[in-house]
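With mmCIF, C-alpha atoms inside, this is protein09.cif:
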```
data_work
loop_
_atom_site.label_atom_id
_atom_site.label_comp_id
_atom_site.auth_asym_id
_atom_site.auth_seq_id
_atom_site.Cartn_x
_atom_site.Cartn_y
_atom_site.Cartn_z
CA ASP A 71 -13.62 15.75 3.06
CA ALA A 72 -10.79 14.28 5.12
CA ARG A 73 -7.80 13.16 3.13
CA VAL A 74 -4.07 12.57 3.36
CA THR A 75 -2.10 15.38 1.77
CA GLN A 76 1.35 14.88 0.30
CA THR A 77 3.82 17.38 -1.08
CA PRO A 78 5.43 17.74 -3.52
CA ARG A 79 3.35 15.87 -6.11
CA ASP A 80 6.26 15.76 -8.52
CA LYS A 81 9.93 16.31 -7.91
CA VAL A 82 12.81 16.12 -10.37
CA THR A 83 16.26 16.47 -8.88
CA GLU A 84 19.85 15.63 -9.60
CA MET A 85 21.81 12.87 -7.99
CA GLY A 86 23.33 13.92 -4.71
CA GLN A 87 20.67 16.47 -3.84
CA GLU A 88 18.56 16.33 -0.70
CA VAL A 89 14.88 15.54 -1.11
CA THR A 90 12.22 16.07 1.54
CA MET A 91 8.69 14.76 1.15
CA ARG A 92 5.91 15.81 3.49
CA CYS A 93 2.67 14.24 4.56
CA GLN A 94 -0.30 15.56 6.48
CA PRO A 95 -2.27 12.60 7.82
CA ILE A 96 -6.01 12.64 8.38
CA LEU A 97 -6.81 14.45 11.61
CA GLY A 98 -7.22 11.95 14.43
CA HIS A 99 -5.40 9.08 12.75
CA ASN A 100 -2.68 7.62 14.94
CA THR A 101 -0.71 5.51 12.47
CA VAL A 102 1.30 6.80 9.52
CA PHE A 103 3.03 4.68 6.92
CA TRP A 104 5.55 5.55 4.22
CA TYR A 105 5.64 3.30 1.14
CA ARG A 106 7.66 3.38 -2.05
CA GLN A 107 6.19 2.00 -5.27
CA THR A 108 8.07 0.97 -8.40
CA MET A 109 7.10 -1.25 -11.28
CA MET A 110 9.70 -3.82 -10.30
CA GLN A 111 9.20 -3.94 -6.53
CA GLY A 112 5.59 -3.02 -6.06
CA LEU A 113 4.59 -1.27 -2.81
CA GLU A 114 7.45 -1.47 -0.32
CA LEU A 115 7.06 -0.49 3.31
CA LEU A 116 9.73 2.01 4.32
CA ALA A 117 8.66 3.10 7.80
CA TYR A 118 5.66 3.54 10.04
CA PHE A 119 4.68 5.45 13.13
CA ARG A 120 2.09 4.96 15.82
CA ASN A 121 1.20 7.95 17.97
CA ARG A 122 4.21 9.72 16.36
CA ALA A 123 6.65 7.08 17.62
CA PRO A 124 8.61 5.18 14.97
CA LEU A 125 7.75 1.49 15.17
CA ASP A 126 9.63 0.08 12.23
CA ASP A 127 11.95 1.60 9.68
CA SER A 128 13.72 -1.60 8.68
CA GLY A 129 12.64 -1.13 5.07
CA MET A 130 14.62 2.07 4.68
CA PRO A 131 18.24 2.39 3.55
CA LYS A 132 19.49 3.86 6.82
CA ASP A 133 22.49 5.60 5.38
CA ARG A 134 20.46 7.94 3.21
CA PHE A 135 16.82 7.84 4.28
CA SER A 136 15.25 9.24 7.41
CA ALA A 137 11.64 9.50 8.53
CA GLU A 138 10.29 11.70 11.28
CA MET A 139 7.02 12.85 12.69
CA PRO A 140 7.66 16.18 14.41
CA ASP A 141 4.00 16.59 15.30
CA ALA A 142 0.67 14.86 14.79
CA THR A 143 -0.05 16.81 11.62
CA LEU A 144 3.23 16.29 9.79
CA ALA A 145 5.33 13.32 8.74
CA THR A 146 8.50 13.75 6.70
CA LEU A 147 10.66 11.45 4.60
CA LYS A 148 14.09 12.73 3.72
CA ILE A 149 16.63 11.34 1.26
CA GLN A 150 20.19 12.64 1.47
CA PRO A 151 21.99 12.18 -0.85
CA SER A 152 19.51 11.05 -3.50
CA GLU A 153 20.45 8.48 -6.14
CA PRO A 154 18.81 7.51 -9.46
CA ARG A 155 17.60 4.22 -7.93
CA ASP A 156 15.47 6.23 -5.52
CA SER A 157 13.23 7.25 -8.42
CA ALA A 158 9.75 6.01 -7.52
CA VAL A 159 6.36 7.11 -6.28
CA TYR A 160 6.35 7.61 -2.52
CA PHE A 161 3.04 7.17 -0.75
CA CYS A 162 2.05 8.24 2.70
CA ALA A 163 -0.93 6.51 4.31
CA SER A 164 -2.66 7.07 7.62
CA GLY A 165 -5.05 5.01 9.70
CA LEU A 166 -6.56 4.43 13.09
CA VAL A 167 -5.37 1.43 15.08
CA SER A 168 -8.87 0.69 16.32
CA ASN A 169 -10.45 1.04 12.88
CA THR A 170 -10.05 -2.39 11.33
CA GLY A 171 -6.67 -1.55 9.87
CA GLU A 172 -7.92 0.43 6.85
CA LEU A 173 -5.30 2.77 5.45
CA PHE A 174 -6.05 5.98 3.59
CA PHE A 175 -3.44 6.90 1.01
CA GLY A 176 -2.25 10.26 -0.17
CA GLU A 177 -1.90 10.92 -3.88
CA GLY A 178 1.80 10.18 -3.79
CA SER A 179 4.99 12.06 -4.53
CA ARG A 180 6.63 11.11 -7.81
CA LEU A 181 10.40 11.44 -7.47
CA THR A 182 12.79 11.40 -10.40
CA VAL A 183 16.50 11.50 -9.65
CA LEU A 184 18.65 12.22 -12.70
CA GLN B 283 10.77 -11.70 6.65
CA LYS B 284 7.09 -10.94 6.16
CA GLU B 285 6.20 -11.57 2.55
CA VAL B 286 3.03 -11.23 0.53
CA GLU B 287 3.00 -12.90 -2.86
CA GLN B 288 0.70 -12.31 -5.79
CA ASN B 289 0.75 -13.27 -9.44
CA SER B 290 1.64 -10.08 -11.26
CA GLY B 291 -0.58 -10.93 -14.21
CA PRO B 292 -1.75 -9.42 -16.35
CA LEU B 293 -5.06 -11.18 -15.91
CA SER B 294 -7.52 -10.61 -18.69
CA VAL B 295 -11.20 -11.58 -18.50
CA PRO B 296 -14.19 -10.76 -20.70
CA GLU B 297 -16.90 -8.48 -19.42
CA GLY B 298 -19.41 -10.37 -17.30
CA ALA B 299 -16.97 -13.13 -16.33
CA ILE B 300 -15.60 -13.93 -12.88
CA ALA B 301 -12.12 -12.63 -12.11
CA SER B 302 -10.16 -14.59 -9.53
CA LEU B 303 -7.18 -13.01 -7.78
CA ASN B 304 -4.92 -14.89 -5.39
CA CYS B 305 -2.48 -14.03 -2.63
CA THR B 306 -0.29 -15.99 -0.23
CA TYR B 307 1.49 -14.72 2.85
CA SER B 308 4.37 -16.02 4.92
CA ASP B 309 3.66 -14.85 8.48
CA ARG B 310 1.33 -17.27 10.30
CA GLY B 311 0.68 -14.67 12.96
CA SER B 312 -0.98 -12.31 10.50
CA GLN B 313 -4.28 -11.08 11.79
CA SER B 314 -6.04 -9.01 9.17
CA PHE B 315 -6.23 -9.16 5.41
CA PHE B 316 -7.21 -6.57 2.85
CA TRP B 317 -7.70 -6.05 -0.85
CA TYR B 318 -6.92 -2.63 -2.30
CA ARG B 319 -7.62 -1.46 -5.82
CA GLN B 320 -5.27 0.93 -7.61
CA TYR B 321 -6.19 2.59 -10.87
CA SER B 322 -3.30 3.63 -13.11
CA GLY B 323 -1.69 6.80 -11.82
CA LYS B 324 -3.81 6.83 -8.67
CA SER B 325 -3.35 5.79 -5.07
CA PRO B 326 -4.60 2.50 -3.59
CA GLU B 327 -8.08 2.39 -2.08
CA LEU B 328 -9.58 -0.26 0.16
CA ILE B 329 -12.28 -2.47 -1.33
CA MET B 330 -12.46 -5.49 1.01
CA SER B 331 -11.25 -6.60 4.42
CA ILE B 332 -11.43 -10.08 5.96
CA TYR B 333 -10.38 -11.28 9.41
CA SER B 334 -11.64 -14.85 9.86
CA ASN B 335 -11.59 -18.00 7.79
CA GLY B 336 -14.25 -18.35 5.16
CA ASP B 337 -15.94 -16.07 2.69
CA LYS B 338 -17.02 -12.46 2.94
CA GLU B 339 -19.26 -10.98 0.29
CA ASP B 340 -19.80 -7.32 -0.59
CA GLY B 341 -21.76 -6.72 -3.74
CA ARG B 342 -19.89 -8.23 -6.67
CA PHE B 343 -16.80 -8.85 -4.54
CA THR B 344 -16.08 -11.93 -2.42
CA ALA B 345 -12.98 -12.27 -0.30
CA GLN B 346 -11.90 -15.73 0.84
CA LEU B 347 -9.45 -16.50 3.63
CA ASN B 348 -7.78 -19.78 4.57
CA LYS B 349 -5.35 -19.22 7.42
CA ALA B 350 -4.19 -22.83 7.49
CA SER B 351 -3.04 -22.52 3.89
CA GLN B 352 -1.99 -18.86 4.35
CA TYR B 353 -4.07 -17.95 1.36
CA VAL B 354 -6.37 -15.05 0.53
CA SER B 355 -8.36 -14.59 -2.64
CA LEU B 356 -10.68 -12.06 -4.22
CA LEU B 357 -13.44 -12.97 -6.64
CA ILE B 358 -15.09 -10.31 -8.78
CA ARG B 359 -18.36 -11.45 -10.28
CA ASP B 360 -19.89 -9.90 -13.40
CA SER B 361 -16.63 -8.12 -14.15
CA GLN B 362 -16.94 -4.69 -15.70
CA PRO B 363 -14.43 -2.67 -17.74
CA SER B 364 -14.36 -0.23 -14.79
CA ASP B 365 -12.86 -3.04 -12.68
CA SER B 366 -9.69 -2.85 -14.79
CA ALA B 367 -7.00 -1.91 -12.29
CA THR B 368 -4.20 -3.36 -10.21
CA TYR B 369 -5.39 -5.27 -7.15
CA LEU B 370 -3.11 -5.26 -4.13
CA CYS B 371 -3.29 -7.81 -1.34
CA ALA B 372 -2.33 -6.43 2.08
CA VAL B 373 -1.59 -8.36 5.26
CA GLU B 374 -1.43 -6.87 8.73
CA TYR B 375 0.57 -8.18 11.67
CA ASN B 376 0.83 -6.08 14.83
CA ASN B 377 -0.10 -2.97 12.82
CA ASP B 378 2.67 -3.61 10.29
CA MET B 379 0.87 -3.51 6.92
CA ARG B 380 2.63 -5.29 4.04
CA PHE B 381 1.48 -5.31 0.43
CA GLY B 382 1.94 -7.71 -2.43
CA ALA B 383 3.23 -6.42 -5.75
CA GLY B 384 -0.30 -6.47 -7.15
CA THR B 385 -2.13 -8.24 -9.98
CA ARG B 386 -3.09 -6.19 -13.00
CA LEU B 387 -6.61 -7.01 -14.15
CA THR B 388 -8.02 -6.07 -17.54
CA VAL B 389 -11.72 -6.56 -18.26
CA LYS B 390 -12.39 -6.54 -21.98
CA PRO B 391 -15.77 -5.27 -23.27
#
```
Written as structure tokens, that's how I'd like the structure from this file.
Amino acid sequence: DARVTQTPRDKVTEMGQEVTMRCQPILGHNTVFWYRQTMMQGLELLAYFRNRAPLDDSGMPKDRFSAEMPDATLATLKIQPSEPRDSAVYFCASGLVSNTGELFFGEGSRLTVL
Amino acid sequence: QKEVEQNSGPLSVPEGAIASLNCTYSDRGSQSFFWYRQYSGKSPELIMSIYSNGDKEDGRFTAQLNKASQYVSLLIRDSQPSDSATYLCAVEYNNDMRFGAGTRLTVKP
């Protein structure tokens, strides 16, 4: 059963610490999206990749967030230094450009920054 | 700025009624439109996609698209308590997928 895998599922950290979230997209998918979801803002697009190349990361605070895709099986989202306002659920989603645009979401990483 | 707007709700309907969910988008070049359902504590899952003006039906769900008005809607007929969830409208433009904040729907038995 193909699915998007995200780690960690839950992370509690203190302000100023580095946080790295990882995503394994579905094998064969060529687009990967990172979203952040909060009650106030809903689902915000942070960054996305096509064929491992970053296409848009305009939704990310550049001074503290970075997104990479070192290979086709791994996407990472890093926050350094973390702040309490970064507390949210971070979703990774993957899809296939030719496949009608459907995205498959991971279960999310819940981040709490104290 | 590409924006997708939805009424946050909550929208409450009795079991068996029709639930109507609405969405507007700002980018006239948008090409594909989707409705995702998200149960509390879970991740979004696709329930409908629509690409051309008009209606598209799938079981109890009907998606409607009006590109001239930049408007997408989702109708759920014979609503069931299991339909209680947050419904997210998503709009795609050049593979950039943007979501609305979602409308929370409650179907009361």
*Smallest atom-to-atom distance to Gln362 (chain B): which of B:Asn377, B:Thr388, B:Ser325, B:Ser312, using only C-alpha atoms?*
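Closest to Gln362 (chain B), using only C-alpha atoms: B:Thr388.
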For region 157-164 of chain A, find every residue with an atom within 7 Å (counting all atoms listed in the file), except residues of its own chain fewer than 3 positions away, and show them as a PDB file with C-alpha atoms, in the frame of the given file.
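New file result00.pdb:
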```
ATOM      1  CA  VAL A  74      -4.070  12.570   3.360  1.00  0.00           C
ATOM      2  CA  CYS A  93       2.670  14.240   4.560  1.00  0.00           C
ATOM      3  CA  PRO A  95      -2.270  12.600   7.820  1.00  0.00           C
ATOM      4  CA  ILE A  96      -6.010  12.640   8.380  1.00  0.00           C
ATOM      5  CA  HIS A  99      -5.400   9.080  12.750  1.00  0.00           C
ATOM      6  CA  THR A 101      -0.710   5.510  12.470  1.00  0.00           C
ATOM      7  CA  VAL A 102       1.300   6.800   9.520  1.00  0.00           C
ATOM      8  CA  PHE A 103       3.030   4.680   6.920  1.00  0.00           C
ATOM      9  CA  TRP A 104       5.550   5.550   4.220  1.00  0.00           C
ATOM     10  CA  TYR A 105       5.640   3.300   1.140  1.00  0.00           C
ATOM     11  CA  ARG A 106       7.660   3.380  -2.050  1.00  0.00           C
ATOM     12  CA  GLN A 107       6.190   2.000  -5.270  1.00  0.00           C
ATOM     13  CA  THR A 108       8.070   0.970  -8.400  1.00  0.00           C
ATOM     14  CA  PRO A 154      18.810   7.510  -9.460  1.00  0.00           C
ATOM     15  CA  LEU A 173      -5.300   2.770   5.450  1.00  0.00           C
ATOM     16  CA  PHE A 174      -6.050   5.980   3.590  1.00  0.00           C
ATOM     17  CA  PHE A 175      -3.440   6.900   1.010  1.00  0.00           C
ATOM     18  CA  GLY A 176      -2.250  10.260  -0.170  1.00  0.00           C
ATOM     19  CA  GLU A 177      -1.900  10.920  -3.880  1.00  0.00           C
ATOM     20  CA  GLY A 178       1.800  10.180  -3.790  1.00  0.00           C
ATOM     21  CA  SER A 179       4.990  12.060  -4.530  1.00  0.00           C
ATOM     22  CA  ARG A 180       6.630  11.110  -7.810  1.00  0.00           C
ATOM     23  CA  LEU A 181      10.400  11.440  -7.470  1.00  0.00           C
ATOM     24  CA  THR A 182      12.790  11.400 -10.400  1.00  0.00           C
ATOM     25  CA  VAL A 183      16.500  11.500  -9.650  1.00  0.00           C
TER      26      VAL A 183
END
```
Quick one: residues within 9 Å of Gly86 (chain A), all atoms listed in the file counted, chain neighbours fewer than 6 positions away excluded, as a PDB file with C-alpha atoms, keeping the file's coordinate frame?
```pdb
ATOM      1  CA  GLN A 150      20.190  12.640   1.470  1.00  0.00           C
ATOM      2  CA  PRO A 151      21.990  12.180  -0.850  1.00  0.00           C
ATOM      3  CA  SER A 152      19.510  11.050  -3.500  1.00  0.00           C
ATOM      4  CA  GLU A 153      20.450   8.480  -6.140  1.00  0.00           C
ATOM      5  CA  VAL A 183      16.500  11.500  -9.650  1.00  0.00           C
TER       6      VAL A 183
END
```
_Within 6 Å of region 371-374 of chain B using all atoms listed in the file, minus same-chain residues under 2 positions, as a PyMOL selection string_ = chain B and resi 312-317+377-382
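Each of B:Lys324, B:Arg319, B:Arg310, B:Arg359 was compared to Asp340 (chain B) using only C-alpha atoms, and B:Arg359 turns out to be the nearest.
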*Which residue gives the smallest distance to chain A among B:Ser351, B:Ser322, B:Ser294, B:Ser364, with all atoms listed in the file counted?*
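With all atoms listed in the file as the atom set, the closest residue is B:Ser322.
As for CA of Pro292 (chain B) and CA of Arg155 (chain A), they are spaced 25.1 Å apart.
The spacing separating CA of Ile149 (chain A) from CA of Met85 (chain A) amounts to 10.7 Å.
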*Long-range neighbours of Leu387 (chain B) as a ChimeraX atom specification, 10 Å cut-off, all atoms listed in the file, 6 positions minimum in chain*: /B:290-295,301-303,363,365-369
*Hey, which of B:Ala345, B:Val286, B:Leu356, B:Ile300 ends up closest to chain A? Count only C-alpha atoms.*
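Under the stated criterion, the closest residue is B:Val286.
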_Using all atoms listed in the file, can you tell me which of A:Glu172, A:Leu125, A:Asp156, A:Ser136 comes closest to Val82 (chain A)?_
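Of A:Glu172, A:Leu125, A:Asp156, A:Ser136, the one nearest Val82 (chain A) is A:Asp156, counting all atoms listed in the file.
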*Run the PyMOL selection byres ((chain B and resi 335) around 12) mentally over the shown coordinates, then write out the matched residues as number ranges by chain, using the chain letters and numbers from the document.*
B: 313-315, 331-334, 336-338, 345-355
The selected residues should be written to file as a CSV table (one decimal), in the frame of the given file (atoms: C-alpha atoms).
```
chain,number,residue,atom,x,y,z
B,313,GLN,CA,-4.3,-11.1,11.8
B,314,SER,CA,-6.0,-9.0,9.2
B,315,PHE,CA,-6.2,-9.2,5.4
B,331,SER,CA,-11.2,-6.6,4.4
B,332,ILE,CA,-11.4,-10.1,6.0
B,333,TYR,CA,-10.4,-11.3,9.4
B,334,SER,CA,-11.6,-14.8,9.9
B,336,GLY,CA,-14.2,-18.4,5.2
B,337,ASP,CA,-15.9,-16.1,2.7
B,338,LYS,CA,-17.0,-12.5,2.9
B,345,ALA,CA,-13.0,-12.3,-0.3
B,346,GLN,CA,-11.9,-15.7,0.8
B,347,LEU,CA,-9.4,-16.5,3.6
B,348,ASN,CA,-7.8,-19.8,4.6
B,349,LYS,CA,-5.4,-19.2,7.4
B,350,ALA,CA,-4.2,-22.8,7.5
B,351,SER,CA,-3.0,-22.5,3.9
B,352,GLN,CA,-2.0,-18.9,4.4
B,353,TYR,CA,-4.1,-18.0,1.4
B,354,VAL,CA,-6.4,-15.0,0.5
B,355,SER,CA,-8.4,-14.6,-2.6
```
